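Report on the structure given below.
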Number of protein chains: 2
Amino acid sequence: MTKSKPTAKTGVKKISTNRHVRTRRDHATELAEDYVEAIDELLQAQEICRVTDLAARFAVSHVTVNRTVARLKRDGWVTTQPYGPVELTEAGRMLARASRQRHEIVLRFLITLGIREQTANIDAEGIEHHVSEETLRAMQRFVEKPGK
Amino acid sequence: MTKSKPTAKTGVKKISTNRHVRTRRDHATELAEDYVEAIDELLQAQEICRVTDLAARFAVSHVTVNRTVARLKRDGWVTTQPYGPVELTEAGRMLARASRQRHEIVLRFLITLGIREQTANIDAEGIEHHVSEETLRAMQRFVEKPGK
DNA sequence: GAAGAAATGTAGCATAGGCTACATTTTTGA
DNA sequence: TCAAAAATGTAGCCTATGCTACATTTCTTC
């Protein structure tokens with residue numbers, strides 16, 4: 001009695017399967033990218049990257065970092081020893097560099113667009129994980145010649 | 001023995017607390033926005049929105065939709081009755097409209113940037129949840145006069 | 001108006017990513 | 001050197017989001 005006519009087994013469906021699947025995949029990678037990026041920066045800034053540093057960086061407990069790092073290790077991005085610091089694998093380093101590059105491009109793009117630096121930084125963090133190569137290249141071109 | 005000198009209780013830390021806290025909050029809202037947007041569209045297209053429609057739309061099982069909808073209900077975005085269709089609350093409708101507007105702006109912006117429509121659509125879905133009001137306004141302006 | 005199909009609901013499981021409390025190991029400093 | 005502090009690890013709990021398998025309700029159709 002509550003519901004009524006339109007059967008709607010028609011139309012609409014399936015339009016955007018890939019996009020949501022992609023969204024979920026993106027989310028799975030996002031943390032990994034953020035972590036390797038942070039680890040890479042910490043390693044450059046202070047030679048060593050500890051769980052505590054990451055906990056402070058991401059404003060989460062060391063326990064959370066611990067388990068995230070365990071996943072990163074499982075997935076081949078980092079190496080660790082018990083009670084030891086976190087290091088990047090070759091793959092981890094490459095991912096970190098790629099992520100940072102993407103971040104830089106998005107950031108400079110936003111700044112070129114006229115966004116204030118602080119906002120640009122925040123937005124870039126959110127956006128960088130969701131731009132395709134095509135869009136990234138367009139952003140790059142725009143930064144080079146904004147007037148087109 | 002594994003680790004060495006740099007104490008590093010100095011520097012670095014805390015730089016970006018807010019941003020990661022924000023990232024986590026964003027993720028919490030993202031699904032809600034995607035759902036109310038989809039529900040709103042379905043309601044306009046076919047008068048009724050059922051769990052099955054959403055399952056097809058997001059390419060997940062109806063069970064997943066069920067529990068997500070339960071959360072949306074708990075949070076005041078939708079209403080449902082057992083075995084009945086999904087409806088939006090006033091708040092849900094407003095959120096849907098706002099989300100769609102944001103989506104439109106990002107999409108048109110990307111297209112103006114020269115991104116192919118298909119890619120633009122995918123990227124817009126990823127980006128729309130992460131742009132600040134400031135950036136959104138800049139995108140809007142850009143769409144209006146691309147050459148600046 | 002019932003039988004079969006479709007939709008919805010429930011139980012129970014998994015993973016990711018949070019947490020606190022407590023245990024262990026390493027580092028530091030008097 | 002050795003005790004306290006800091007860092008790391010472990011146990012166990014939570015929520016969000018996925019799933020399959022099975023139960024129930026509603027819709028369709030003959």
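Chain lettering (A, B, ...) mirrors the order of the structure tokens, residue numbering begins at 1 for each chain separately, and ligand numbering begins at 1 in order of display.
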I'd like the contact shell of region 13-29 of chain D - 9 Å cut-off, only C-alpha atoms (C1' of nucleotides), skipping same-chain residues fewer than 2 positions apart - returned as a tab-separated table (two decimals) with N, CA and C atoms (P, O5', C5', C4', C3', O3' and C1' of nucleotides), in the first residue's frame.
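What ended up in part17.tsv:
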```tsv
chain	number	residue	atom	x	y	z
B	28	ALA	N	33.18	10.41	5.57
B	28	ALA	CA	31.94	10.06	6.25
B	28	ALA	C	30.75	10.66	5.53
B	60	VAL	N	26.43	-2.38	-5.67
B	60	VAL	CA	26.66	-3.12	-4.43
B	60	VAL	C	25.43	-3.98	-4.17
B	61	SER	N	25.51	-4.85	-3.18
B	61	SER	CA	24.38	-5.73	-2.89
B	61	SER	C	23.26	-4.95	-2.21
B	63	VAL	N	21.90	-5.68	0.39
B	63	VAL	CA	22.15	-5.70	1.83
B	63	VAL	C	22.95	-4.46	2.25
B	64	THR	N	23.94	-4.17	1.46
B	64	THR	CA	24.76	-3.00	1.73
B	64	THR	C	23.91	-1.73	1.67
B	67	ARG	N	21.71	-1.30	4.79
B	67	ARG	CA	22.34	-0.76	6.00
B	67	ARG	C	22.78	0.68	5.83
B	68	THR	N	23.17	1.01	4.62
B	68	THR	CA	23.53	2.41	4.39
B	68	THR	C	22.30	3.29	4.54
B	83	TYR	N	9.81	-2.69	3.97
B	83	TYR	CA	9.41	-3.13	2.64
B	83	TYR	C	8.89	-1.98	1.77
C	4	DG	P	4.73	-22.64	-7.97
C	4	DG	O5'	5.61	-21.47	-8.60
C	4	DG	C5'	5.26	-20.97	-9.89
C	4	DG	C4'	5.93	-19.63	-10.11
C	4	DG	C3'	7.42	-19.62	-9.77
C	4	DG	O3'	8.06	-18.90	-10.81
C	4	DG	C1'	6.30	-17.93	-8.54
C	5	DA	P	9.62	-18.64	-10.82
C	5	DA	O5'	9.66	-17.05	-10.69
C	5	DA	C5'	8.80	-16.28	-11.52
C	5	DA	C4'	8.99	-14.80	-11.19
C	5	DA	C3'	10.43	-14.38	-10.99
C	5	DA	O3'	10.55	-13.08	-11.55
C	5	DA	C1'	9.22	-13.93	-9.02
C	6	DA	P	11.96	-12.34	-11.64
C	6	DA	O5'	11.82	-11.17	-10.58
C	6	DA	C5'	10.70	-10.30	-10.66
C	6	DA	C4'	10.67	-9.44	-9.41
C	6	DA	C3'	12.02	-8.85	-9.04
C	6	DA	O3'	11.83	-7.46	-8.93
C	6	DA	C1'	11.01	-9.88	-7.16
C	7	DA	P	13.00	-6.47	-8.51
C	7	DA	O5'	12.70	-6.22	-6.98
C	7	DA	C5'	11.45	-5.70	-6.61
C	7	DA	C4'	11.36	-5.65	-5.10
C	7	DA	C3'	12.54	-4.97	-4.44
C	7	DA	O3'	12.04	-3.90	-3.66
C	7	DA	C1'	12.08	-7.06	-3.41
C	8	DT	P	12.97	-2.96	-2.82
C	8	DT	O5'	13.03	-3.72	-1.42
C	8	DT	C5'	11.83	-3.84	-0.67
C	8	DT	C4'	12.08	-4.67	0.57
C	8	DT	C3'	13.20	-4.15	1.46
C	8	DT	O3'	12.62	-3.81	2.70
C	8	DT	C1'	13.30	-6.50	1.18
C	9	DG	P	13.57	-3.25	3.88
C	9	DG	O5'	13.85	-4.59	4.71
C	9	DG	C5'	12.75	-5.29	5.29
C	9	DG	C4'	13.25	-6.49	6.10
C	9	DG	C3'	14.41	-6.17	7.04
C	9	DG	O3'	14.15	-6.76	8.32
C	9	DG	C1'	14.98	-7.99	5.67
C	10	DT	P	15.08	-6.46	9.57
C	10	DT	O5'	15.66	-7.87	10.03
C	10	DT	C5'	15.23	-9.08	9.44
C	10	DT	C4'	16.14	-10.22	9.91
C	10	DT	C3'	17.23	-9.84	10.90
C	10	DT	O3'	17.46	-10.97	11.72
C	10	DT	C1'	18.24	-10.62	8.93
C	11	DA	P	18.40	-10.88	13.03
C	11	DA	O5'	19.50	-11.99	12.71
C	11	DA	C5'	19.12	-13.15	11.95
C	11	DA	C4'	20.33	-14.05	11.76
C	11	DA	C3'	21.49	-13.79	12.72
C	11	DA	O3'	22.11	-15.04	13.00
C	11	DA	C1'	22.21	-13.36	10.51
C	13	DC	P	29.61	-15.81	12.45
C	13	DC	O5'	30.70	-15.37	11.38
C	13	DC	C5'	30.76	-16.05	10.12
C	13	DC	C4'	31.43	-15.15	9.09
C	13	DC	C3'	32.67	-14.43	9.66
C	13	DC	O3'	33.87	-14.80	9.03
C	13	DC	C1'	31.26	-12.98	8.37
C	14	DA	P	35.27	-14.19	9.54
C	14	DA	O5'	35.58	-13.09	8.42
C	14	DA	C5'	35.43	-13.41	7.04
C	14	DA	C4'	35.89	-12.20	6.24
C	14	DA	C3'	37.06	-11.49	6.93
C	14	DA	O3'	38.17	-11.31	6.06
C	14	DA	C1'	35.27	-9.96	6.53
C	15	DT	P	39.51	-10.68	6.74
C	15	DT	O5'	39.38	-9.17	6.24
C	15	DT	C5'	39.26	-8.90	4.85
C	15	DT	C4'	39.25	-7.39	4.68
C	15	DT	C3'	40.41	-6.70	5.40
C	15	DT	O3'	40.96	-5.73	4.54
C	15	DT	C1'	38.36	-5.80	6.14
C	16	DA	P	42.25	-4.92	4.96
C	16	DA	O5'	41.63	-3.49	5.30
C	16	DA	C5'	40.85	-2.85	4.32
C	16	DA	C4'	40.40	-1.51	4.84
C	16	DA	C3'	41.48	-0.67	5.51
C	16	DA	O3'	41.29	0.67	5.09
C	16	DA	C1'	39.69	-1.00	7.01
C	18	DG	P	41.94	6.32	9.91
C	18	DG	O5'	41.40	6.76	11.34
C	18	DG	C5'	41.81	6.04	12.51
C	18	DG	C4'	40.71	6.09	13.53
C	18	DG	C3'	41.20	5.96	14.98
C	18	DG	O3'	41.51	7.22	15.52
C	18	DG	C1'	39.43	4.44	14.59
C	19	DC	P	42.54	7.39	16.66
C	19	DC	O5'	41.82	6.73	17.94
C	19	DC	C5'	40.54	7.18	18.36
C	19	DC	C4'	40.04	6.31	19.50
C	19	DC	C3'	41.07	6.09	20.60
C	19	DC	O3'	40.86	7.07	21.60
C	19	DC	C1'	40.06	4.01	19.97
C	20	DT	P	41.92	7.17	22.78
C	20	DT	O5'	41.57	5.97	23.76
C	20	DT	C5'	40.26	5.82	24.32
C	20	DT	C4'	40.27	4.69	25.35
C	20	DT	C3'	41.32	4.85	26.43
C	20	DT	O3'	40.79	4.34	27.66
C	20	DT	C1'	41.76	2.87	25.23
```
I want to know what sits within 6 Å of Val78 (chain A), based on only C-alpha atoms (C1' of nucleotides), with residues of the same chain fewer than 4 positions away left out; could you give that as a PyMOL selection string? chain A and resi 72-73+87-89
Saved selection, atoms kept: C-alpha atoms, as a tab-separated table (two decimals), in the first residue's frame:
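So again32.tsv came out as:
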```tsv
chain	number	residue	atom	x	y	z
A	72	LEU	CA	51.50	-1.01	3.99
A	73	LYS	CA	54.11	-3.62	4.77
A	87	GLU	CA	61.36	2.56	5.73
A	88	LEU	CA	60.10	2.72	2.17
A	89	THR	CA	60.55	-0.03	-0.36
```
Which RMSD value, in Å, describes how well chain B fits onto chain A when all C-alpha atoms are paired in order and fitted by least squares?
->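 For chain A versus chain B, the C-alpha RMSD is 0.1 Å.
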key: Nearest to chain B, chosen from A:Arg71, A:Arg100, A:His62, A:Arg141, with only C-alpha atoms counted in the distances   =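 Once distances to chain B are computed over only C-alpha atoms, the minimum belongs to A:Arg141.
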Would you give me, as a tab-separated table, each residue of chain A having an atom within 8 Å of an atom of chain D, along with its shortest atom pair and that distance in Å to one decimal, using only C-alpha atoms (C1' of nucleotides) and sorting by chain and residue number?
```
residue	atom	partner	partner_atom	distance
A:Val51	CA	D:DT8	C1'	7.9
A:Thr52	CA	D:DA7	C1'	7.2
A:Pro82	CA	D:DT8	C1'	7.8
A:Tyr83	CA	D:DT8	C1'	5.3
```
Correct to one decimal, the distance CA of Phe109 (chain A)-CA of Val143 (chain A) is 5.5 Å
Write down as a ChimeraX atom specification the residues belonging to chain B that are assigned alpha helix (DSSP H) by DSSP computed on the backbone.
/B:17-46,51-58,62-74,90-113,117-127,133-144
Suppose we keep C-alpha atoms; can you now write the selection as a short mmCIF file (atom, residue, chain, number, x, y, z; two decimals), in the first residue's frame?
```
data_model
loop_
_atom_site.label_atom_id
_atom_site.label_comp_id
_atom_site.auth_asym_id
_atom_site.auth_seq_id
_atom_site.Cartn_x
_atom_site.Cartn_y
_atom_site.Cartn_z
CA THR B 17 46.19 17.86 11.82
CA ASN B 18 43.12 19.62 10.57
CA ARG B 19 43.53 18.38 7.07
CA HIS B 20 43.49 14.73 7.98
CA VAL B 21 40.70 15.15 10.42
CA ARG B 22 38.90 16.86 7.58
CA THR B 23 39.70 14.06 5.18
CA ARG B 24 38.11 11.56 7.51
CA ARG B 25 35.05 13.72 7.96
CA ASP B 26 34.76 14.14 4.21
CA HIS B 27 34.69 10.41 3.73
CA ALA B 28 31.94 10.06 6.25
CA THR B 29 29.81 12.57 4.35
CA GLU B 30 30.70 11.39 0.90
CA LEU B 31 28.56 8.30 0.79
CA ALA B 32 25.65 10.19 2.30
CA GLU B 33 25.91 12.82 -0.40
CA ASP B 34 26.20 10.25 -3.15
CA TYR B 35 23.16 8.45 -1.83
CA VAL B 36 20.87 11.42 -1.42
CA GLU B 37 21.92 12.65 -4.83
CA ALA B 38 21.10 9.29 -6.36
CA ILE B 39 17.84 9.04 -4.47
CA ASP B 40 16.83 12.50 -5.59
CA GLU B 41 17.58 11.67 -9.20
CA LEU B 42 15.70 8.41 -9.03
CA LEU B 43 12.71 10.12 -7.47
CA GLN B 44 12.64 12.63 -10.28
CA ALA B 45 13.12 10.01 -12.97
CA GLN B 46 10.65 7.43 -11.79
CA VAL B 51 16.63 -0.37 -2.46
CA THR B 52 17.13 -2.35 -5.62
CA ASP B 53 17.55 0.78 -7.71
CA LEU B 54 20.25 2.03 -5.41
CA ALA B 55 21.97 -1.34 -5.37
CA ALA B 56 22.12 -1.28 -9.16
CA ARG B 57 23.23 2.32 -9.21
CA PHE B 58 26.12 1.81 -6.83
CA HIS B 62 20.95 -4.81 -1.65
CA VAL B 63 22.15 -5.70 1.83
CA THR B 64 24.76 -3.00 1.73
CA VAL B 65 22.20 -0.50 0.53
CA ASN B 66 19.89 -1.57 3.29
CA ARG B 67 22.34 -0.76 6.00
CA THR B 68 23.53 2.41 4.39
CA VAL B 69 19.96 3.59 4.10
CA ALA B 70 19.48 2.72 7.77
CA ARG B 71 22.37 5.03 8.60
CA LEU B 72 20.93 7.75 6.40
CA LYS B 73 17.67 7.34 8.22
CA ARG B 74 19.37 7.48 11.58
CA GLU B 90 13.58 18.01 3.75
CA ALA B 91 17.20 18.01 4.90
CA GLY B 92 17.94 15.17 2.53
CA ARG B 93 16.44 17.05 -0.37
CA MET B 94 18.47 20.11 0.44
CA LEU B 95 21.65 18.10 0.71
CA ALA B 96 20.88 16.43 -2.60
CA ARG B 97 20.35 19.71 -4.38
CA ALA B 98 23.49 21.22 -2.92
CA SER B 99 25.51 18.15 -3.89
CA ARG B 100 24.16 18.16 -7.38
CA GLN B 101 24.93 21.83 -7.79
CA ARG B 102 28.46 21.25 -6.65
CA HIS B 103 28.73 18.36 -9.04
CA GLU B 104 27.47 20.46 -11.95
CA ILE B 105 29.93 23.23 -11.29
CA VAL B 106 32.89 20.88 -11.05
CA LEU B 107 31.77 19.05 -14.16
CA ARG B 108 31.34 22.15 -16.25
CA PHE B 109 34.61 23.45 -14.96
CA LEU B 110 36.46 20.34 -16.07
CA ILE B 111 34.80 20.43 -19.46
CA THR B 112 35.74 24.08 -19.87
CA LEU B 113 39.26 23.07 -18.96
CA GLU B 117 33.13 14.55 -21.05
CA GLN B 118 33.49 10.97 -19.94
CA THR B 119 36.63 11.62 -17.96
CA ALA B 120 35.19 14.85 -16.63
CA ASN B 121 32.23 12.98 -15.26
CA ILE B 122 34.34 10.44 -13.47
CA ASP B 123 36.72 13.02 -12.05
CA ALA B 124 33.88 15.31 -10.99
CA GLU B 125 32.44 12.49 -8.90
CA GLY B 126 35.73 12.11 -7.11
CA ILE B 127 36.47 15.79 -6.74
CA GLU B 133 33.42 26.99 -1.22
CA GLU B 134 36.26 29.23 -2.26
CA THR B 135 37.45 26.84 -4.94
CA LEU B 136 33.92 26.19 -6.07
CA ARG B 137 33.34 29.88 -6.61
CA ALA B 138 36.58 30.14 -8.55
CA MET B 139 35.48 27.26 -10.76
CA GLN B 140 32.18 28.96 -11.34
CA ARG B 141 33.90 32.18 -12.37
CA PHE B 142 36.20 30.26 -14.66
CA VAL B 143 33.32 28.59 -16.41
CA GLU B 144 31.78 32.00 -17.00
#
```
(request) Please measure the separation of CA of His130 (chain A) and CA of Trp77 (chain B), giving the value in Å to one decimal. (result)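 Calculated distance between CA of His130 (chain A) and CA of Trp77 (chain B) is 25.9 Å.
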Looking at C:DG17, C:DG29, C:DG1, C:DG12, which one is nearest to chain A, with distances taken over only C-alpha atoms (C1' of nucleotides)?
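Of all the options, C:DG17 lies closest to chain A.
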As a check of understanding: the span from CA of Val86 (chain B) to CA of Ile48 (chain B) is 7.5 Å
In chain B, what's strand (DSSP E or B) per DSSP? Answer as a short mmCIF file (atom, residue, chain, number, x, y, z; two decimals) with N, CA and C atoms, in the first residue's frame?
```cif
data_model
loop_
_atom_site.label_atom_id
_atom_site.label_comp_id
_atom_site.auth_asym_id
_atom_site.auth_seq_id
_atom_site.Cartn_x
_atom_site.Cartn_y
_atom_site.Cartn_z
N VAL B 78 16.84 10.49 5.22
CA VAL B 78 15.77 9.79 4.50
C VAL B 78 14.75 9.21 5.47
N THR B 79 13.64 8.80 4.92
CA THR B 79 12.66 8.05 5.70
C THR B 79 12.32 6.78 4.93
N THR B 80 11.98 5.74 5.66
CA THR B 80 11.56 4.49 5.02
C THR B 80 10.57 3.77 5.91
N VAL B 86 12.31 4.33 -0.49
CA VAL B 86 13.12 5.30 0.24
C VAL B 86 12.67 6.71 -0.14
N GLU B 87 12.47 7.53 0.87
CA GLU B 87 12.12 8.93 0.59
C GLU B 87 13.11 9.88 1.26
N LEU B 88 13.18 11.07 0.74
CA LEU B 88 14.10 12.05 1.32
C LEU B 88 13.38 12.92 2.34
#
```
